[in-house]
Amino acid sequence: MRETLQLLIYGVQLGVIYALIALGYTMVYGIINLINFAHGDLVMIGAFVAYFAAELLGANFPLAIFLAMLIPACLSVAIERLAYRPLRDKPRLSALITAIGVSIFLENFPRMLPFIGPNYRPFPMLIPFKNFTLPTGAVLNSIQIVNILVSVALMVALTYIVHRTKVGRAMRAVSFNKDAASLMGINVNRIIAVTFFLGAALAGAGGVLYSMTYPMIDVLMGIWLGTKAFIAAVLGGIGSVPGAMLGGLIMGICEVVATALYSELGYGSGFVILILILLFRPAGLLGKVKIEKV
Amino acid sequence: MMLDVKDLRVAYGAIEAVKGVSFSVEKGEIVTLVGANGAGKTSILRAISGLVPAKTGEILYKGRNLVGIPPHDIVSAGITHVPEGRLVFPNLTVEDNLLLGSYIREDTAAIAEDMERVFSLFSRLKERRHQEAGTLSGGEQQMLAVGRALMGRGTLMILDEPSMGLAPILVEEVFRTIVEVRKSGMTILLVEQNANMALAIADRGYVLETGRIVLSGKASDLAAMDEVRAAYLGR
Ligand SMILES: Nc1ncnc2c1ncn2[C@@H]1O[C@H](COP(=O)(O)OP(=O)(O)OP(=O)(O)O)[C@@H](O)[C@H]1O
Ligand SMILES: [Mg+2]
């Protein structure tokens with residue numbers, strides 16, 4: 001029992017991070033049907049922004065995570081503008097290949113910068129570490145608490161934006177049909193940019209939270225993390241916001257449980273999930289088949 | 001002059017769908033464009049809204065040329081387009097669809113008033129205000145599309161086959177609504193295959209054939225012409 005609860009804590013902690021990252025994949029896919037392969041690398045950039053923020057400005061968690069959200073978000077808007085928008089009306093494969101190219105660039109450009117380079121770096125402590133023992137005997141630490149609270153808060157905020165605000169309504173309209181949305185007076189390009197901005201901000205936050213838990217960062221960390229978050233998005237139903245959250249949680253918990261059973265298993269668990277979901281429920285857990293009435 | 005289209009051409013690749021069309025709409029009028037499938041009616045409306053580029057020609061709206069202006073700015077200028085196939089947002093509620101119709105406006109209180117006005121026009125929408133639009137019947141979706149267009153408080157409404165796919169009784173309801181809407185001060189450009197009904201409510205009409213205007217005049221005169229009757233009115 002104690003063991004189970006402890007595993008669950010680890011699983012949720014990892015799961016909310018996957019969920020944060022998965023949201024960016026799902027939102028961008030939902031709005032322009034693009035699998036943004038560069039998304040995982042924005043996670044890495046978020047982690048590095050927080051790293052340098054802590055180095056230069058001191059260990060200030062709110063400031064570090066704010067910058068780690070803002071900078072990848074702006075970068076993502078620039079990437080969309082320069083790399084994806086010109087290909088919007090071209091065959092989908094073009095944008096997909098471009099996304100892979102952007103990803104390779106984002107991994108390799110920082111690598112050659114002298115102040116970043118290819119090596120692993122220890123991630124600074126952004127908050128004091130403290131253990132709390134729960135009545136059941138399970139142990140919860142301060143990083144896990146911050147991790148879960150911040151992730152949940154960000155997901156609540158995103159859900160609010162998508163469902164309760166004008167810009168969220170516009171996002172949902174654009175994701176259904178760009179022409180119909182523009183006939184409402186919606187500036188479709190601006191809404192697509194907002195979507196990239198929000199998705200990358202969450203990815204940046206995910207990068208910081210992940211690095212606080214596993215405090216070693218390098219320029220390739222986004223590949224593996226992005227892949228798993230992408231699987232989480234597919235599991236939940238790509239295009240579905242609640243799906244990405246659910247998929248992330250399930251991925252995190254499965255991975256932790258699988259690792260506990262046999263440490264090598266953790267790595268493979270994501271792919272087993274991916275194969276199962278593609279075999280039995282290709283639209284994902286919460287993915288909907290679009291029905292249109294004529 | 002509300003809308004003055006001059007020598008408009010629209011092409012899709014090598015295919016020219018609209019081959020130099022000129023027509024106009026005066027303030028307060030209902031003007032209809034009728035024509036068979038593929039005549040180019042939708043292409044003309046999409047060019048007015050900026051959804052397809054005009055190859056040549058001018059689209060003067062209140063004297064300002066709209067060619068090259070992006071669709072959302074054309075909406076802001078006061079043109080509301082109810083597209084072919086309605087295109088209500090199926091995964092949004094009726095209320096959210098109506099709110100999107102008022103996207104360009106900021107006057108929250110007046111928006112709420114307009115929503116009530118739409119609900120009084122279409123009571124069936126009111127009962128379903130929290131229902132997803134995709135679950136409405138075809139006729140209800142059409143009402144939603146018209147209601148949503150009213151929410152923009154535009155000055156010119158262009159409607160692309162609002163009667164398509166509706167049962168006769170609903171067709172009448174839609175046309176009655178269009179007449180109502182005009183009474184409230186809106187100018188209307190109506191595209192229809194149902195030439196019979198369209199000419200009955202319109203002031204003037206244009207008959208389109210493979211991208212060209214072949215006849216034009218007072219709606220009642222057009223409706224009485226033998227060639228129009230034979231080709232479009234099925235009588
Ligand atoms: N996106 C497109 N690409 C290529 N050709 C097109 C496109 N849209 C329309 N066309 C062609 O342009 C011509 C006019 O089409 P349009 O949709 O304007 O006709 P319409 O009068 O609205 O017809 P309907 O009554 O069937 O709606 C047709 O021959 C059509 O095949
Ligand atoms: Mg048409």
# chains A, B, ... in the order shown; residues from 1 in each chain; ligands from 1

$ interface_residues --of "chain A" --to "chain B" --cutoff "10 Å" --atoms "only C-alpha atoms" --output "NGL selection string"
:A and (163-164 or 166-167 or 169-170 or 172-177 or 179-188 or 290-294)

$ write_last_selection --atoms "N, CA, C and O atoms" --output "mmCIF file, in the first residue's frame"
data_model
loop_
_atom_site.group_PDB
_atom_site.id
_atom_site.type_symbol
_atom_site.label_atom_id
_atom_site.label_comp_id
_atom_site.auth_asym_id
_atom_site.auth_seq_id
_atom_site.Cartn_x
_atom_site.Cartn_y
_atom_site.Cartn_z
ATOM 1 N N HIS A 163 -11.667 27.427 -23.073
ATOM 2 C CA HIS A 163 -13.119 27.295 -23.005
ATOM 3 C C HIS A 163 -13.884 28.535 -22.585
ATOM 4 O O HIS A 163 -15.084 28.624 -22.793
ATOM 5 N N ARG A 164 -13.210 29.483 -21.969
ATOM 6 C CA ARG A 164 -13.967 30.585 -21.401
ATOM 7 C C ARG A 164 -13.593 31.951 -21.956
ATOM 8 O O ARG A 164 -14.147 32.954 -21.546
ATOM 9 N N LYS A 166 -12.437 34.685 -25.236
ATOM 10 C CA LYS A 166 -12.656 34.979 -26.645
ATOM 11 C C LYS A 166 -11.575 34.346 -27.516
ATOM 12 O O LYS A 166 -11.861 33.767 -28.561
ATOM 13 N N VAL A 167 -10.342 34.448 -27.048
ATOM 14 C CA VAL A 167 -9.256 33.905 -27.858
ATOM 15 C C VAL A 167 -9.366 32.375 -27.925
ATOM 16 O O VAL A 167 -9.100 31.759 -28.956
ATOM 17 N N ARG A 169 -12.192 30.690 -27.804
ATOM 18 C CA ARG A 169 -13.271 30.416 -28.745
ATOM 19 C C ARG A 169 -12.750 30.509 -30.173
ATOM 20 O O ARG A 169 -13.061 29.687 -31.021
ATOM 21 N N ALA A 170 -11.925 31.522 -30.395
ATOM 22 C CA ALA A 170 -11.350 31.688 -31.730
ATOM 23 C C ALA A 170 -10.446 30.509 -32.073
ATOM 24 O O ALA A 170 -10.452 30.024 -33.206
ATOM 25 N N ARG A 172 -10.753 27.452 -31.080
ATOM 26 C CA ARG A 172 -11.589 26.292 -31.417
ATOM 27 C C ARG A 172 -12.232 26.485 -32.782
ATOM 28 O O ARG A 172 -12.382 25.521 -33.541
ATOM 29 N N ALA A 173 -12.593 27.714 -33.107
ATOM 30 C CA ALA A 173 -13.180 27.975 -34.424
ATOM 31 C C ALA A 173 -12.158 27.729 -35.531
ATOM 32 O O ALA A 173 -12.445 27.070 -36.524
ATOM 33 N N VAL A 174 -10.945 28.225 -35.336
ATOM 34 C CA VAL A 174 -9.910 28.046 -36.360
ATOM 35 C C VAL A 174 -9.599 26.564 -36.541
ATOM 36 O O VAL A 174 -9.385 26.100 -37.657
ATOM 37 N N SER A 175 -9.587 25.824 -35.439
ATOM 38 C CA SER A 175 -9.237 24.411 -35.570
ATOM 39 C C SER A 175 -10.322 23.652 -36.330
ATOM 40 O O SER A 175 -10.039 22.650 -36.965
ATOM 41 N N PHE A 176 -11.536 24.155 -36.310
ATOM 42 C CA PHE A 176 -12.574 23.479 -37.115
ATOM 43 C C PHE A 176 -12.443 23.844 -38.590
ATOM 44 O O PHE A 176 -12.411 22.962 -39.459
ATOM 45 N N ASN A 177 -12.367 25.112 -38.899
ATOM 46 C CA ASN A 177 -12.346 25.518 -40.305
ATOM 47 C C ASN A 177 -11.839 26.956 -40.411
ATOM 48 O O ASN A 177 -12.452 27.876 -39.893
ATOM 49 N N ASP A 179 -11.517 29.026 -43.004
ATOM 50 C CA ASP A 179 -12.329 29.967 -43.773
ATOM 51 C C ASP A 179 -13.518 30.433 -42.938
ATOM 52 O O ASP A 179 -13.806 31.630 -42.860
ATOM 53 N N ALA A 180 -14.203 29.472 -42.339
ATOM 54 C CA ALA A 180 -15.370 29.841 -41.532
ATOM 55 C C ALA A 180 -14.944 30.762 -40.400
ATOM 56 O O ALA A 180 -15.638 31.730 -40.071
ATOM 57 N N ALA A 181 -13.787 30.496 -39.804
ATOM 58 C CA ALA A 181 -13.310 31.348 -38.711
ATOM 59 C C ALA A 181 -13.012 32.762 -39.217
ATOM 60 O O ALA A 181 -13.363 33.747 -38.570
ATOM 61 N N SER A 182 -12.393 32.854 -40.381
ATOM 62 C CA SER A 182 -12.050 34.196 -40.860
ATOM 63 C C SER A 182 -13.309 34.985 -41.213
ATOM 64 O O SER A 182 -13.320 36.209 -41.120
ATOM 65 N N LEU A 183 -14.397 34.274 -41.564
ATOM 66 C CA LEU A 183 -15.654 34.975 -41.838
ATOM 67 C C LEU A 183 -16.303 35.521 -40.562
ATOM 68 O O LEU A 183 -17.265 36.288 -40.622
ATOM 69 N N MET A 184 -15.785 35.114 -39.411
ATOM 70 C CA MET A 184 -16.247 35.702 -38.151
ATOM 71 C C MET A 184 -15.436 36.951 -37.817
ATOM 72 O O MET A 184 -15.638 37.585 -36.777
ATOM 73 N N GLY A 185 -14.460 37.263 -38.650
ATOM 74 C CA GLY A 185 -13.593 38.397 -38.353
ATOM 75 C C GLY A 185 -12.352 37.997 -37.569
ATOM 76 O O GLY A 185 -11.630 38.853 -37.068
ATOM 77 N N ILE A 186 -12.122 36.689 -37.468
ATOM 78 C CA ILE A 186 -10.957 36.212 -36.715
ATOM 79 C C ILE A 186 -9.717 36.301 -37.600
ATOM 80 O O ILE A 186 -9.739 35.844 -38.741
ATOM 81 N N ASN A 187 -8.666 36.885 -37.064
ATOM 82 C CA ASN A 187 -7.390 36.907 -37.764
ATOM 83 C C ASN A 187 -6.720 35.546 -37.532
ATOM 84 O O ASN A 187 -6.105 35.300 -36.498
ATOM 85 N N VAL A 188 -6.881 34.677 -38.513
ATOM 86 C CA VAL A 188 -6.476 33.284 -38.344
ATOM 87 C C VAL A 188 -4.976 33.167 -38.048
ATOM 88 O O VAL A 188 -4.573 32.404 -37.171
ATOM 89 N N LYS A 290 -14.659 13.199 -36.186
ATOM 90 C CA LYS A 290 -15.434 14.397 -36.497
ATOM 91 C C LYS A 290 -16.690 14.053 -37.285
ATOM 92 O O LYS A 290 -16.635 13.362 -38.290
ATOM 93 N N ILE A 291 -17.798 14.538 -36.800
ATOM 94 C CA ILE A 291 -19.043 14.336 -37.535
ATOM 95 C C ILE A 291 -19.485 15.677 -38.083
ATOM 96 O O ILE A 291 -19.564 16.659 -37.348
ATOM 97 N N GLU A 292 -19.728 15.735 -39.364
ATOM 98 C CA GLU A 292 -20.211 16.984 -39.935
ATOM 99 C C GLU A 292 -21.550 16.741 -40.620
ATOM 100 O O GLU A 292 -21.694 15.806 -41.394
ATOM 101 N N LYS A 293 -22.489 17.590 -40.300
ATOM 102 C CA LYS A 293 -23.805 17.454 -40.939
ATOM 103 C C LYS A 293 -23.877 18.297 -42.190
ATOM 104 O O LYS A 293 -23.322 19.386 -42.233
ATOM 105 N N VAL A 294 -24.557 17.766 -43.195
ATOM 106 C CA VAL A 294 -24.718 18.577 -44.411
ATOM 107 C C VAL A 294 -26.149 19.078 -44.537
ATOM 108 O O VAL A 294 -27.058 18.500 -43.999
#

$ closest_atom_pairs --of "chain B" --to "ligand 1" --cutoff "10 Å" --atoms "only C-alpha atoms and all ligand atoms" --output "Markdown table"
| residue | atom | partner | partner_atom_place_in_ligand_line | distance |
| --- | --- | --- | --- | --- |
| B:Val10 | CA | ligand 1 | 12 (O) | 8.5 |
| B:Ala11 | CA | ligand 1 | 12 (O) | 7.6 |
| B:Tyr12 | CA | ligand 1 | 4 (C) | 4.8 |
| B:Gly13 | CA | ligand 1 | 4 (C) | 7.1 |
| B:Ala14 | CA | ligand 1 | 4 (C) | 9.0 |
| B:Ile15 | CA | ligand 1 | 5 (N) | 6.8 |
| B:Glu16 | CA | ligand 1 | 12 (O) | 7.1 |
| B:Ala17 | CA | ligand 1 | 12 (O) | 4.3 |
| B:Val18 | CA | ligand 1 | 14 (C) | 7.1 |
| B:Leu33 | CA | ligand 1 | 21 (O) | 9.1 |
| B:Val34 | CA | ligand 1 | 21 (O) | 8.1 |
| B:Gly35 | CA | ligand 1 | 21 (O) | 6.3 |
| B:Ala36 | CA | ligand 1 | 25 (O) | 5.6 |
| B:Asn37 | CA | ligand 1 | 26 (O) | 3.5 |
| B:Gly38 | CA | ligand 1 | 19 (O) | 3.5 |
| B:Ala39 | CA | ligand 1 | 21 (O) | 3.8 |
| B:Gly40 | CA | ligand 1 | 18 (O) | 3.2 |
| B:Lys41 | CA | ligand 1 | 21 (O) | 3.7 |
| B:Thr42 | CA | ligand 1 | 22 (O) | 3.5 |
| B:Ser43 | CA | ligand 1 | 18 (O) | 3.6 |
| B:Ile44 | CA | ligand 1 | 18 (O) | 6.5 |
| B:Leu45 | CA | ligand 1 | 18 (O) | 8.1 |
| B:Arg46 | CA | ligand 1 | 18 (O) | 8.2 |
| B:Ala47 | CA | ligand 1 | 18 (O) | 9.7 |
| B:Val52 | CA | ligand 1 | 1 (N) | 8.5 |
| B:Glu84 | CA | ligand 1 | 27 (O) | 7.3 |
| B:Gly85 | CA | ligand 1 | 27 (O) | 9.3 |
| B:Asp160 | CA | ligand 1 | 22 (O) | 7.9 |
| B:Glu161 | CA | ligand 1 | 27 (O) | 7.6 |
| B:Met164 | CA | ligand 1 | 27 (O) | 9.4 |
| B:Val191 | CA | ligand 1 | 22 (O) | 8.1 |
| B:Glu192 | CA | ligand 1 | 25 (O) | 7.5 |
| B:Gln193 | CA | ligand 1 | 25 (O) | 6.1 |
| B:Asn194 | CA | ligand 1 | 25 (O) | 9.8 |
| B:Leu208 | CA | ligand 1 | 21 (O) | 8.0 |
| B:Glu209 | CA | ligand 1 | 21 (O) | 8.4 |
| B:Thr210 | CA | ligand 1 | 14 (C) | 7.4 |
| B:Gly211 | CA | ligand 1 | 14 (C) | 7.2 |

$ residues_around --residues "region 62-70 of chain A" --least-positions-apart "2" --cutoff "8 Å" --atoms "only C-alpha atoms" --output "short mmCIF file (atom, residue, chain, number, x, y, z; two decimals) with N, CA and C atoms, in the first residue's frame"
data_model
loop_
_atom_site.label_atom_id
_atom_site.label_comp_id
_atom_site.auth_asym_id
_atom_site.auth_seq_id
_atom_site.Cartn_x
_atom_site.Cartn_y
_atom_site.Cartn_z
N ILE A 45 15.01 23.99 -24.46
CA ILE A 45 15.36 25.41 -24.40
C ILE A 45 14.82 26.04 -23.12
N GLY A 46 13.62 25.63 -22.73
CA GLY A 46 13.08 26.09 -21.45
C GLY A 46 14.01 25.75 -20.30
N ALA A 47 14.51 24.53 -20.32
CA ALA A 47 15.41 24.09 -19.24
C ALA A 47 16.68 24.94 -19.23
N PHE A 48 17.22 25.21 -20.41
CA PHE A 48 18.46 26.00 -20.46
C PHE A 48 18.21 27.46 -20.07
N VAL A 49 17.06 27.98 -20.45
CA VAL A 49 16.75 29.36 -20.05
C VAL A 49 16.72 29.45 -18.52
N ALA A 50 16.08 28.47 -17.89
CA ALA A 50 16.00 28.48 -16.42
C ALA A 50 17.40 28.31 -15.83
N TYR A 51 18.20 27.46 -16.46
CA TYR A 51 19.58 27.24 -16.00
C TYR A 51 20.35 28.55 -15.98
N ALA A 53 19.11 31.59 -16.21
CA ALA A 53 18.47 32.57 -15.33
C ALA A 53 18.98 32.39 -13.90
N ALA A 54 19.09 31.13 -13.48
CA ALA A 54 19.56 30.85 -12.13
C ALA A 54 21.04 31.22 -11.98
N ALA A 59 18.95 31.84 -7.78
CA ALA A 59 17.92 30.81 -7.79
C ALA A 59 16.56 31.37 -7.39
N ASN A 60 15.85 31.87 -8.38
CA ASN A 60 14.54 32.45 -8.12
C ASN A 60 13.55 31.68 -8.98
N PRO A 72 10.94 30.37 -24.93
CA PRO A 72 10.53 29.38 -25.93
C PRO A 72 9.23 29.77 -26.64
N ALA A 73 8.33 30.43 -25.92
CA ALA A 73 7.06 30.83 -26.54
C ALA A 73 7.31 31.80 -27.69
N CYS A 74 8.16 32.79 -27.45
CA CYS A 74 8.47 33.76 -28.51
C CYS A 74 9.22 33.07 -29.65
N ALA A 200 4.22 26.36 -26.51
CA ALA A 200 5.64 26.41 -26.19
C ALA A 200 5.87 26.89 -24.77
N ALA A 201 4.99 27.77 -24.28
CA ALA A 201 5.13 28.23 -22.89
C ALA A 201 4.97 27.03 -21.95
N LEU A 202 4.00 26.18 -22.24
CA LEU A 202 3.81 24.99 -21.40
C LEU A 202 5.01 24.05 -21.52
N ALA A 203 5.55 23.92 -22.74
CA ALA A 203 6.72 23.07 -22.93
C ALA A 203 7.90 23.60 -22.11
N GLY A 204 8.08 24.92 -22.12
CA GLY A 204 9.17 25.52 -21.36
C GLY A 204 9.01 25.24 -19.87
N ALA A 205 7.79 25.38 -19.39
CA ALA A 205 7.52 25.08 -17.98
C ALA A 205 7.82 23.62 -17.70
N VAL A 208 11.50 23.02 -17.22
CA VAL A 208 12.03 23.42 -15.92
C VAL A 208 11.64 22.39 -14.86
#

$ closest_residue --among "B:Gly28, B:Gly185, B:Gly63, B:Pro162" --to "ligand 2" --atoms "only C-alpha atoms and all ligand atoms"
B:Pro162

$ atom_distance --atom1 "CA of Ala138 (chain A)" --atom2 "CA of Thr4 (chain A)"
8.9 Å

$ residues_around --residues "Lys6 (chain B)" --least-positions-apart "2" --cutoff "9 Å" --atoms "only C-alpha atoms" --output "ChimeraX atom specification"
/B:4,8,20-24,57-60

$ residues_around --residues "region 99-108 of chain A" --least-positions-apart "4" --cutoff "6 Å" --atoms "only C-alpha atoms" --output "list in words"
Asn36, Phe37, Ala38 and Val219 of chain A

$ residues_around --residues "Ile201 (chain B)" --least-positions-apart "2" --cutoff "12 Å" --atoms "only C-alpha atoms" --output "JSON, numbers by chain"
{"B": [29, 30, 31, 32, 172, 174, 175, 176, 177, 178, 179, 180, 181, 182, 183, 188, 189, 190, 192, 194, 195, 196, 197, 198, 199, 203, 204, 205, 218, 219, 220, 223]}

$ select_by_dssp --residues "region 85-210 of chain B" --states "strand (DSSP E)" --output "count of residues only"
17

$ select_by_dssp --residues "region 92-292 of chain A" --states "helix (DSSP H, G or I)" --output "PyMOL selection string"
chain A and resi 92-112+142-164+166-176+178-182+188-213+221-236+241-261+265-280

$ residues_around --residues "region 259-272 of chain A" --least-positions-apart "4" --cutoff "8 Å" --atoms "only C-alpha atoms" --output "tab-separated table (two decimals) with C-alpha atoms, in the first residue's frame"
chain	number	residue	atom	x	y	z
A	228	LYS	CA	7.12	10.36	-24.79
A	231	ILE	CA	2.92	9.35	-27.40
A	251	MET	CA	2.14	7.58	-19.49
A	254	CYS	CA	2.79	3.39	-16.46
A	255	GLU	CA	6.41	4.32	-16.90
A	276	LEU	CA	-1.61	-0.85	-28.25

$ closest_residue --among "B:Val5, B:Ala145, B:Ile213, B:Leu121" --to "Met157 (chain B)" --atoms "only C-alpha atoms"
B:Ala145

$ closest_residue --among "B:Lys126, B:Thr187, B:Leu159, B:Ala202" --to "ligand 2" --atoms "only C-alpha atoms and all ligand atoms"
B:Leu159
